[in-house]
Amino acid sequence: MSNPKDSVEVQNSPKKSRKDVALTLPDGSVRTFDHPVNGLDLATDIGPGLAKAAIAVSVDGTIWDLSREINFDAAVSIITRKDDLALDLIRHDAAHVMAQAVQRLYPKTQVTIGPSIETGFYYDFARDEPFTPQDLEMIESCMREIIACDEPFVREVWDRERAIKVFSDMGEKYKAELIRELPVDEDITIYRQGDWFDLCRGPHLPSTGHIGEGFKLIKLAGAYWRGDSRNDMLQRVYGTAWRDKKELEAYLLQLDEAEKRDHRRLGRELDLFHFQEEAPGAVFWHHKGWTLFRLLIDYMRKRQEDAGYSEISTPGVMDRSLWETSGHWETFREHMYTTQTEDNRVFALKPMNCPGGIQVFRQGITSYKDLPKRIAEFGKVNRYEPSGALHGLMRVREFTQDDAHIFCTEEQIDEECRIVVELILDIYRDFGFEDVAIKFSDRPENRIGSDAIWDRLEAALKGALDDMDRPYTLNPGEGAFYGPKLEFVLRDAIGRDWQCGTLQVDMNLPERFGAYYIGEDGKRQVPVMLHRALFGSIERFCGILIENYAGRLPFWLAPVQTVICTITDAADEYAREVLKTLSKAGLRAELDIRNEKINYKVREHSLGKVPILIIVGAKEHETQSVTIRRLGIKNQETLALADAIARLSAEAESPADKR
C-alpha cells in the first residue's frame with residue numbers, strides 16, 4: 001500500500017505523562033528518568049551492548065516497540081534476539097514484508113489478515129489469479145530485497161473514519177471491514193515500512209533488516225475470509241521464519257523428515273486405512289490397521305484392569321435432554337450431530353462419554369466406603385469439525401476415546417490425580433515417549449458452575465502436581481467448560497509435540513445430574529468426578545505412532561510381525577509348518593511362497609516395514625531351522641525352529657503383560 005497524502009499521524013499516549021518515570025528492571029533495580037523514554041533509551045542507559053542487541057521491550061508484561069515512549073512507572077525488560085519472544089516478532093514482521101512483496105509484484109491484490117503462528121506465519125490474500133509455486137520464489141526474492149533496505153517500522157495512530165476512508169479508497173475492503181468492527185475505544189494503529197503500511201496492533205522489530213535471512217515460503221492453501229465457509233475464498237501463503245539460517249535449516253530438515261513419516265502416505269503404502277468423501281472425517285480401517293487399533297485397546301484394557309478400573313459401554317445416541325442437563329447443548333452444540341425421529345424426539349450422537357458414565361454411577365446407592373470408583377469406556381464419539389480442519393487420523397469427526405471417569409471424595413483428589421499422572425507417564429514410556437510436558441488449563445470464559453467450585457477444583461489439581469513435584473506450564477482460560485484440566489504433551493522422534501492425554505477435575509456435571517454418595521455422616525454428598533483419557537483419541541494415537549516410528553512399529557505392535565519367505569518350491573511345505581507353529585504361538589505371521597527370487601521378496605517386505613523375515617530353504621527344511629533377517633540389519637541368524645519361536649514370543653510380549 002502506498003503512502004496516502006491525506007493520512008494524519010497522531011502520537012499515542014497510553015497514560016498521562018508526568019515528570020519522573022521509574023522503570024523497574026528484572027533484577028529489581030530501578031532506573032528513574034525525568035522525562036518519558038523509549039525502550040532503546042532504556043537499553044542505551046543500561047549499556048551499549050544491550051542497546052545494540054535490543055529488538056523490543058516488555059512493559060508490565062506487554063511487548064512494545066523499542067521506539068514507543070514509556071511515560072509512566074512500569075516493570076520493564078529489554079528483549080533481544082536470543083529471547084523466545086523474539087521468534088514471534090520475527091515471524092510477525094515477515095508476514096508484513098511478505099504482504100508488501102505481494103502487493104509490489106501483484107498490485108491489484110488485497111491483503112486481509114496475516115498473523116504469526118507456531119513455526120512461522122501466513123497471510124491471506126484476495127486475488128483473482130491463483131498463486132503458483134513459481135510465484136512463491138518471486139515473492140521470497142522480493143522479500144529479501146525489502147529486508148535488505150532495512151526500512152524502520154513506524155507506529156502511527158489514525159482517526160477511525162479517516163482510516164476507513166483511506167483503505168476503502170484504496171480498494172482494501174477487508175481492511176475497512178476490520179476497522180469498522182474494532183471496539184470504539186480502541187486505537188487504530190498503523191505500521192509503516194517505507195512507503196507501505198498496514199493495519200496492525202503491533203509490536204514490531206525496529207526495522208525490516210532485523211528479520212534476517214532465516215525465512216522461507218513453504219506452501220499455498222485456500223482459506224475462507226474469517227474462517228467462515230459462507231465468505232469469500234482467499235489464498236493463503238505460508239512461510240516459516242527463525243532467528244538465523246541454522247535454525248531454518250534444522251526446521252526444513254524436520255519438515256522433510258515429517259513428510260517421509262506422513263501417516264496418511266504410510267497408511268496407503270502399508271495398507272492400514274483410508275478415507276473417502278462419502279464419510280468425511282471417519283476412518284475405513286483395513287485389516288492391518290485394525291490389528292494395530294485392537295492391539296492398543298488390548299494393551300490399555302490390561303493396564304486399566306491392573307489399575308482397578310471397571311469397563312463399561314454406554315449408548316452412542318441419547319436424548320437431547322441429557323445433553324441439556326450436562327451443558328453440552330449450550331456450550332458445545334455447534335460440534336454435535338443431531339437427529340429428530342418421527343415422534344419428534346431430538347437425539348444427539350454423543351460427542352463425549354461423560355454423561356453416560358454418570359448414568360452408570362447413579363445406578364444404586366454408593367457409600368463413601370465404595371470410593372474411589374474407576375469406570376473406563378472405549379467409547380466412540382462424533383464431533384463436527386470444519387472440513388478444512390480435517391487431517392488424516394490426527395483430526396477426525398468420528399473417533400474412539402480411552403475414557404475413564406473416577407468418582408471420589410474431595411479428600412481423595414490428590415491421590416487419584418497422582419495415580420492418573422503416574423499411569424499416563426508410565427504408559428507413554430512403554431511406547432517410547434520419555435519427553436512429556438504437562439500443561440495446566442484453568443477456567444474458560446464459557447463455563448458452568450460457580451466460581452467457588454472452580455476455586456476448589458483448580459487448587460486441588462495444582463496441589464496434586466505440586467505434591468508430586470511435577471513441573472507444568474499454565475494454559476490460561478483453556479480448561480473444559482465443566483472443570484480445569486491437565487494436558488499431556490509428548491515429543492516424538494523428530495522433536496514435534498503432540499497433545500494426547502488429559503485429566504479434568506469436575507464437580508459440576510455430577511451435581512447437575514444429581515449424582516451422589518452417602519457420606520460418613522449419613523448424608524448425600526456430591527462426588528468429585530475425574531475425567532481421564534490416556535491415549536486421548538485412539539485414532540490419533542495410531543497416527544502419532546506411525547509417524548514417530550516412520551511406519552517401523554515395535555515388534556509387539558506390528559500388524560504383521562513376520563513373513564515366512566521360501567527360497568525354493570521344495571521348502572513350501574516346511575514353510576506352511578513354520579507358519580502353523582508361529583500362529584499357534586500367538587505370533588502374527590504371513591506366508592510368501594510366490595515364485596519370486598528371495599531378494600525380490602526381501603525388498604518388498606522391507607518396504608512393507610515387516611520387522612522380521614523368516615527365510616526357509618532346503619537347508620532349513622533339512623535341519624528344522626529358520627534363518628532370521630531383521631528389518632534394517634544386514635546380518636542374518638539361523639536358529640532351530642523351537643529356539644526361534646521362543647525368542648520371538650518373548651519379543652512379542654506386550655509391555656502390559658510383562659508387569
# chains A, B, ... in the order shown; residues from 1 in each chain; ligands from 1
$ select_by_dssp --residues "stretch 147-384 of chain A" --states "strand (DSSP E or B)" --output "JSON, numbers by chain"
{"A": [152, 153, 154, 155, 156, 157, 158, 188, 189, 190, 191, 192, 193, 196, 197, 198, 199, 207, 215, 216, 217, 218, 219, 220, 221, 222, 223, 224, 233, 234, 235, 236, 237, 238, 239, 240, 241, 273, 274, 284, 285, 310, 311, 317, 318, 319, 338, 339, 340, 346, 347, 348, 349, 367, 373, 374, 375, 376, 377, 378, 379, 380, 381, 382]}
$ residues_around --residues "A:Lys601" --least-positions-apart "5" --cutoff "8 Å" --atoms "only C-alpha atoms" --output "list in words"
Cys565, Asp592 and Glu596 of chain A
$ write_last_selection --atoms "C-alpha atoms" --output "mmCIF file, in the first residue's frame"
data_model
loop_
_atom_site.group_PDB
_atom_site.id
_atom_site.type_symbol
_atom_site.label_atom_id
_atom_site.label_comp_id
_atom_site.auth_asym_id
_atom_site.auth_seq_id
_atom_site.Cartn_x
_atom_site.Cartn_y
_atom_site.Cartn_z
ATOM 1 C CA CYS A 565 9.704 -66.429 2.672
ATOM 2 C CA ASP A 592 5.171 -65.813 0.928
ATOM 3 C CA GLU A 596 9.890 -64.960 -6.998
#
$ residues_around --residues "stretch 48-55 of chain A" --least-positions-apart "4" --cutoff "12 Å" --atoms "only C-alpha atoms" --output "mmCIF file with C-alpha atoms, in the first residue's frame"
data_model
loop_
_atom_site.group_PDB
_atom_site.id
_atom_site.type_symbol
_atom_site.label_atom_id
_atom_site.label_comp_id
_atom_site.auth_asym_id
_atom_site.auth_seq_id
_atom_site.Cartn_x
_atom_site.Cartn_y
_atom_site.Cartn_z
ATOM 1 C CA ASN A 38 11.505 4.533 24.964
ATOM 2 C CA GLY A 39 12.954 1.023 25.072
ATOM 3 C CA LEU A 40 16.050 1.996 23.117
ATOM 4 C CA ASP A 41 16.747 4.887 25.520
ATOM 5 C CA LEU A 42 16.488 2.462 28.431
ATOM 6 C CA ALA A 43 18.745 -0.130 26.771
ATOM 7 C CA THR A 44 21.313 2.590 25.969
ATOM 8 C CA ILE A 63 5.541 -6.266 24.370
ATOM 9 C CA TRP A 64 6.107 -2.781 22.922
ATOM 10 C CA ASP A 65 8.109 -1.420 20.018
ATOM 11 C CA LEU A 66 11.524 -0.161 21.046
ATOM 12 C CA SER A 67 10.666 3.310 19.769
ATOM 13 C CA ARG A 68 7.412 3.647 21.741
ATOM 14 C CA SER A 77 12.695 -5.808 30.424
ATOM 15 C CA ILE A 78 14.661 -5.499 27.204
ATOM 16 C CA ILE A 79 14.025 -8.231 24.628
ATOM 17 C CA THR A 80 16.892 -9.410 22.447
ATOM 18 C CA ARG A 81 17.083 -11.839 19.553
ATOM 19 C CA LYS A 82 18.081 -14.629 21.944
ATOM 20 C CA ASP A 83 14.771 -14.470 23.815
ATOM 21 C CA LEU A 85 9.671 -13.873 22.399
ATOM 22 C CA ALA A 86 11.882 -12.770 19.503
ATOM 23 C CA LEU A 87 10.576 -15.550 17.253
ATOM 24 C CA ASP A 88 7.026 -14.217 17.330
ATOM 25 C CA LEU A 89 8.254 -10.725 16.413
ATOM 26 C CA ILE A 90 10.408 -12.047 13.554
ATOM 27 C CA ASP A 93 7.316 -8.865 10.678
ATOM 28 C CA PRO A 152 12.158 1.208 10.032
ATOM 29 C CA PHE A 153 8.782 0.005 11.281
ATOM 30 C CA PRO A 203 4.513 -4.699 18.155
ATOM 31 C CA HIS A 204 7.309 -4.893 15.595
ATOM 32 C CA LEU A 205 11.066 -5.095 15.321
ATOM 33 C CA PRO A 206 12.945 -1.808 14.892
ATOM 34 C CA SER A 207 13.311 -2.340 11.128
ATOM 35 C CA THR A 208 12.870 -4.854 8.319
ATOM 36 C CA GLY A 209 16.575 -5.697 8.421
ATOM 37 C CA HIS A 210 16.125 -7.274 11.848
ATOM 38 C CA ILE A 211 14.115 -10.112 10.269
#
$ select_by_dssp --residues "stretch 120-363 of chain A" --states "alpha helix (DSSP H)" --output "PDB file with C-alpha atoms, in the first residue's frame"
ATOM      1  CA  PRO A 133       4.970 -22.289  -6.693  1.00  0.00           C
ATOM      2  CA  GLN A 134       6.943 -20.074  -9.086  1.00  0.00           C
ATOM      3  CA  ASP A 135       5.177 -17.047  -7.580  1.00  0.00           C
ATOM      4  CA  LEU A 136       6.448 -18.071  -4.145  1.00  0.00           C
ATOM      5  CA  GLU A 137      10.024 -17.923  -5.421  1.00  0.00           C
ATOM      6  CA  MET A 138       9.450 -14.414  -6.784  1.00  0.00           C
ATOM      7  CA  ILE A 139       7.745 -13.241  -3.579  1.00  0.00           C
ATOM      8  CA  GLU A 140      10.550 -14.611  -1.447  1.00  0.00           C
ATOM      9  CA  SER A 141      13.162 -12.879  -3.611  1.00  0.00           C
ATOM     10  CA  CYS A 142      11.263  -9.591  -3.305  1.00  0.00           C
ATOM     11  CA  MET A 143      11.063 -10.044   0.471  1.00  0.00           C
ATOM     12  CA  ARG A 144      14.851 -10.311   0.628  1.00  0.00           C
ATOM     13  CA  GLU A 145      15.145  -7.030  -1.264  1.00  0.00           C
ATOM     14  CA  ILE A 146      12.771  -5.299   1.187  1.00  0.00           C
ATOM     15  CA  ILE A 147      14.662  -6.713   4.175  1.00  0.00           C
ATOM     16  CA  ALA A 148      17.964  -5.538   2.704  1.00  0.00           C
ATOM     17  CA  CYS A 149      16.599  -1.960   2.559  1.00  0.00           C
ATOM     18  CA  ARG A 160     -11.056   5.826  12.756  1.00  0.00           C
ATOM     19  CA  GLU A 161     -13.152   7.411   9.983  1.00  0.00           C
ATOM     20  CA  ARG A 162     -10.093   8.597   8.102  1.00  0.00           C
ATOM     21  CA  ALA A 163      -8.596   5.104   8.309  1.00  0.00           C
ATOM     22  CA  ILE A 164     -11.794   3.566   6.901  1.00  0.00           C
ATOM     23  CA  LYS A 165     -11.804   6.097   4.078  1.00  0.00           C
ATOM     24  CA  VAL A 166      -8.133   5.595   3.206  1.00  0.00           C
ATOM     25  CA  PHE A 167      -8.441   1.810   2.995  1.00  0.00           C
ATOM     26  CA  SER A 168     -11.786   1.978   1.186  1.00  0.00           C
ATOM     27  CA  ASP A 169     -10.412   4.416  -1.383  1.00  0.00           C
ATOM     28  CA  LYS A 173     -12.476  -3.661   1.565  1.00  0.00           C
ATOM     29  CA  TYR A 174     -11.335  -6.349   4.006  1.00  0.00           C
ATOM     30  CA  LYS A 175      -9.181  -3.915   5.980  1.00  0.00           C
ATOM     31  CA  ALA A 176     -12.013  -1.374   6.049  1.00  0.00           C
ATOM     32  CA  GLU A 177     -14.332  -4.068   7.398  1.00  0.00           C
ATOM     33  CA  LEU A 178     -11.870  -4.939  10.157  1.00  0.00           C
ATOM     34  CA  ILE A 179     -11.565  -1.299  11.220  1.00  0.00           C
ATOM     35  CA  ARG A 180     -15.356  -0.830  11.345  1.00  0.00           C
ATOM     36  CA  GLU A 181     -15.665  -3.782  13.708  1.00  0.00           C
ATOM     37  CA  LYS A 245      19.812 -19.819   8.724  1.00  0.00           C
ATOM     38  CA  LYS A 246      20.965 -22.603  11.037  1.00  0.00           C
ATOM     39  CA  GLU A 247      17.611 -22.742  12.816  1.00  0.00           C
ATOM     40  CA  LEU A 248      15.814 -22.528   9.468  1.00  0.00           C
ATOM     41  CA  GLU A 249      17.786 -25.428   8.012  1.00  0.00           C
ATOM     42  CA  ALA A 250      17.095 -27.551  11.098  1.00  0.00           C
ATOM     43  CA  TYR A 251      13.376 -26.887  10.749  1.00  0.00           C
ATOM     44  CA  LEU A 252      13.357 -27.615   7.000  1.00  0.00           C
ATOM     45  CA  LEU A 253      15.140 -30.888   7.717  1.00  0.00           C
ATOM     46  CA  GLN A 254      12.416 -31.707  10.241  1.00  0.00           C
ATOM     47  CA  LEU A 255       9.761 -30.862   7.638  1.00  0.00           C
ATOM     48  CA  ASP A 256      11.437 -33.165   5.142  1.00  0.00           C
ATOM     49  CA  GLU A 257      11.568 -35.945   7.708  1.00  0.00           C
ATOM     50  CA  ALA A 258       7.939 -35.318   8.664  1.00  0.00           C
ATOM     51  CA  GLU A 259       6.906 -35.662   5.021  1.00  0.00           C
ATOM     52  CA  LYS A 260       8.615 -39.053   4.850  1.00  0.00           C
ATOM     53  CA  ARG A 261       6.778 -40.063   8.020  1.00  0.00           C
ATOM     54  CA  HIS A 263       0.883 -41.252   8.371  1.00  0.00           C
ATOM     55  CA  ARG A 264      -1.529 -40.638   5.506  1.00  0.00           C
ATOM     56  CA  ARG A 265       1.048 -41.757   2.949  1.00  0.00           C
ATOM     57  CA  LEU A 266       2.230 -44.641   5.113  1.00  0.00           C
ATOM     58  CA  GLY A 267      -1.386 -45.623   5.731  1.00  0.00           C
ATOM     59  CA  ARG A 268      -1.802 -46.193   1.998  1.00  0.00           C
ATOM     60  CA  GLU A 269       1.575 -47.811   1.434  1.00  0.00           C
ATOM     61  CA  HIS A 287      -7.165 -55.462   8.441  1.00  0.00           C
ATOM     62  CA  LYS A 288      -3.597 -54.442   9.268  1.00  0.00           C
ATOM     63  CA  GLY A 289      -4.612 -51.050  10.608  1.00  0.00           C
ATOM     64  CA  TRP A 290      -7.430 -52.543  12.654  1.00  0.00           C
ATOM     65  CA  THR A 291      -4.949 -55.015  14.113  1.00  0.00           C
ATOM     66  CA  LEU A 292      -2.856 -52.090  15.366  1.00  0.00           C
ATOM     67  CA  PHE A 293      -6.001 -50.426  16.725  1.00  0.00           C
ATOM     68  CA  ARG A 294      -7.022 -53.593  18.604  1.00  0.00           C
ATOM     69  CA  LEU A 295      -3.524 -54.057  19.997  1.00  0.00           C
ATOM     70  CA  LEU A 296      -3.688 -50.587  21.539  1.00  0.00           C
ATOM     71  CA  ILE A 297      -7.047 -51.342  23.128  1.00  0.00           C
ATOM     72  CA  ASP A 298      -5.830 -54.724  24.398  1.00  0.00           C
ATOM     73  CA  TYR A 299      -2.793 -53.042  25.943  1.00  0.00           C
ATOM     74  CA  MET A 300      -4.854 -50.289  27.554  1.00  0.00           C
ATOM     75  CA  ARG A 301      -7.507 -52.723  28.779  1.00  0.00           C
ATOM     76  CA  LYS A 302      -4.842 -54.734  30.598  1.00  0.00           C
ATOM     77  CA  ARG A 303      -3.269 -51.626  32.151  1.00  0.00           C
ATOM     78  CA  GLN A 304      -6.658 -50.361  33.307  1.00  0.00           C
ATOM     79  CA  GLU A 305      -7.707 -53.694  34.788  1.00  0.00           C
ATOM     80  CA  ASP A 306      -4.433 -53.813  36.714  1.00  0.00           C
ATOM     81  CA  ARG A 320     -31.351 -34.099  23.795  1.00  0.00           C
ATOM     82  CA  SER A 321     -32.433 -33.654  27.420  1.00  0.00           C
ATOM     83  CA  LEU A 322     -29.345 -35.458  28.644  1.00  0.00           C
ATOM     84  CA  TRP A 323     -27.084 -33.034  26.772  1.00  0.00           C
ATOM     85  CA  GLU A 324     -29.080 -30.037  28.049  1.00  0.00           C
ATOM     86  CA  THR A 325     -28.524 -31.218  31.611  1.00  0.00           C
ATOM     87  CA  SER A 326     -24.813 -31.761  31.008  1.00  0.00           C
ATOM     88  CA  HIS A 328     -23.141 -29.629  26.135  1.00  0.00           C
ATOM     89  CA  TRP A 329     -26.238 -28.375  24.337  1.00  0.00           C
ATOM     90  CA  GLU A 330     -25.453 -24.827  25.419  1.00  0.00           C
ATOM     91  CA  THR A 331     -21.666 -24.833  25.144  1.00  0.00           C
ATOM     92  CA  CYS A 354     -19.005 -38.430  30.442  1.00  0.00           C
ATOM     93  CA  PRO A 355     -22.841 -38.157  30.692  1.00  0.00           C
ATOM     94  CA  GLY A 356     -23.138 -41.892  30.009  1.00  0.00           C
ATOM     95  CA  GLY A 357     -20.554 -42.684  32.667  1.00  0.00           C
ATOM     96  CA  ILE A 358     -22.501 -40.647  35.230  1.00  0.00           C
ATOM     97  CA  GLN A 359     -25.690 -42.577  34.429  1.00  0.00           C
ATOM     98  CA  VAL A 360     -23.901 -45.832  35.256  1.00  0.00           C
ATOM     99  CA  PHE A 361     -22.563 -44.380  38.526  1.00  0.00           C
TER     100      PHE A 361
END
$ residues_around --residues "A:Val317" --least-positions-apart "5" --cutoff "7 Å" --atoms "only C-alpha atoms" --output "number ranges by chain"
A: 347-350
$ write_last_selection --atoms "C-alpha atoms" --output "mmCIF file, in the first residue's frame"
data_model
loop_
_atom_site.group_PDB
_atom_site.id
_atom_site.type_symbol
_atom_site.label_atom_id
_atom_site.label_comp_id
_atom_site.auth_asym_id
_atom_site.auth_seq_id
_atom_site.Cartn_x
_atom_site.Cartn_y
_atom_site.Cartn_z
ATOM 1 C CA PHE A 347 -31.349 -37.151 19.775
ATOM 2 C CA ALA A 348 -27.623 -36.486 19.540
ATOM 3 C CA LEU A 349 -24.696 -38.704 18.658
ATOM 4 C CA LYS A 350 -22.546 -38.462 21.740
#
$ closest_atom_pairs --of "stretch 538-574 of chain A" --to "stretch 630-649 of chain A" --cutoff "10 Å" --atoms "only C-alpha atoms" --output "tab-separated table"
residue	atom	partner	partner_atom	distance
A:Arg552	CA	A:Leu631	CA	8.5
A:Phe555	CA	A:Leu648	CA	8.9
A:Trp556	CA	A:Ser649	CA	9.3
A:Gln561	CA	A:Leu648	CA	9.3
A:Thr562	CA	A:Arg630	CA	9.4
$ atom_distance --atom1 "atom CA of A:Leu423" --atom2 "atom CA of A:Ala459"
21.5 Å
$ residues_around --residues "A:Thr109" --least-positions-apart "2" --cutoff "9 Å" --atoms "only C-alpha atoms" --output "PyMOL selection string"
chain A and resi 102-103+106-107+111+125-128+172
$ atom_distance --atom1 "atom CA of A:Val154" --atom2 "atom CA of A:Val237"
24.7 Å
$ residues_around --residues "stretch 404-418 of chain A" --least-positions-apart "3" --cutoff "8 Å" --atoms "only C-alpha atoms" --output "list in words"
Cys354, Gly357, Tyr368, Leu371, Pro372, Lys373, Arg374, Ile375, Ala376, Glu377, Val421, Glu422, Ala460, Leu461, Gly463, Ala464, Leu465, Met468, Leu503, Pro527, Val528, Met529, Leu530, His531, Arg532 and Ala533 of chain A
$ write_last_selection --atoms "C-alpha atoms" --output "PDB file, in the first residue's frame"
ATOM      1  CA  CYS A 354     -19.005 -38.430  30.442  1.00  0.00           C
ATOM      2  CA  GLY A 357     -20.554 -42.684  32.667  1.00  0.00           C
ATOM      3  CA  TYR A 368     -18.116 -43.283  50.758  1.00  0.00           C
ATOM      4  CA  LEU A 371     -14.977 -44.689  46.611  1.00  0.00           C
ATOM      5  CA  PRO A 372     -12.999 -44.184  44.546  1.00  0.00           C
ATOM      6  CA  LYS A 373     -14.898 -45.829  41.692  1.00  0.00           C
ATOM      7  CA  ARG A 374     -12.900 -46.033  38.464  1.00  0.00           C
ATOM      8  CA  ILE A 375     -15.089 -46.598  35.397  1.00  0.00           C
ATOM      9  CA  ALA A 376     -13.486 -46.981  31.954  1.00  0.00           C
ATOM     10  CA  GLU A 377     -15.018 -46.969  28.476  1.00  0.00           C
ATOM     11  CA  VAL A 421      -0.476 -38.811  36.216  1.00  0.00           C
ATOM     12  CA  GLU A 422       1.937 -41.623  37.037  1.00  0.00           C
ATOM     13  CA  ALA A 460      -6.868 -29.336  44.196  1.00  0.00           C
ATOM     14  CA  LEU A 461      -5.431 -30.073  40.742  1.00  0.00           C
ATOM     15  CA  GLY A 463      -1.914 -29.099  44.654  1.00  0.00           C
ATOM     16  CA  ALA A 464      -1.641 -32.624  43.309  1.00  0.00           C
ATOM     17  CA  LEU A 465       1.051 -31.558  40.823  1.00  0.00           C
ATOM     18  CA  MET A 468       4.335 -34.732  43.108  1.00  0.00           C
ATOM     19  CA  LEU A 503      -7.102 -35.162  33.173  1.00  0.00           C
ATOM     20  CA  PRO A 527     -18.719 -36.743  44.318  1.00  0.00           C
ATOM     21  CA  VAL A 528     -15.750 -35.261  42.550  1.00  0.00           C
ATOM     22  CA  MET A 529     -15.502 -36.646  39.013  1.00  0.00           C
ATOM     23  CA  LEU A 530     -12.133 -37.012  37.329  1.00  0.00           C
ATOM     24  CA  HIS A 531     -12.359 -37.217  33.533  1.00  0.00           C
ATOM     25  CA  ARG A 532      -9.338 -39.070  32.214  1.00  0.00           C
ATOM     26  CA  ALA A 533      -8.079 -40.112  28.780  1.00  0.00           C
TER      27      ALA A 533
END
$ atom_distance --atom1 "atom CA of A:Arg603" --atom2 "atom CA of A:Glu653"
26.8 Å
$ residues_around --residues "A:Arg588" --least-positions-apart "3" --cutoff "10 Å" --atoms "only C-alpha atoms" --output "mmCIF file with C-alpha atoms, in the first residue's frame"
data_model
loop_
_atom_site.group_PDB
_atom_site.id
_atom_site.type_symbol
_atom_site.label_atom_id
_atom_site.label_comp_id
_atom_site.auth_asym_id
_atom_site.auth_seq_id
_atom_site.Cartn_x
_atom_site.Cartn_y
_atom_site.Cartn_z
ATOM 1 C CA THR A 291 -4.949 -55.015 14.113
ATOM 2 C CA TRP A 556 4.976 -56.241 19.690
ATOM 3 C CA ALA A 558 3.487 -54.583 14.266
ATOM 4 C CA PRO A 559 0.291 -55.739 12.500
ATOM 5 C CA VAL A 560 2.374 -58.339 10.645
ATOM 6 C CA GLN A 561 5.279 -59.384 12.813
ATOM 7 C CA THR A 562 6.937 -61.774 10.416
ATOM 8 C CA VAL A 563 6.665 -63.154 6.887
ATOM 9 C CA LEU A 579 3.530 -70.665 9.754
ATOM 10 C CA LEU A 582 4.224 -69.421 14.674
ATOM 11 C CA SER A 583 0.478 -68.804 14.652
ATOM 12 C CA LYS A 584 -0.054 -71.360 17.412
ATOM 13 C CA ALA A 585 2.487 -69.437 19.489
ATOM 14 C CA ALA A 652 6.262 -60.089 21.017
#
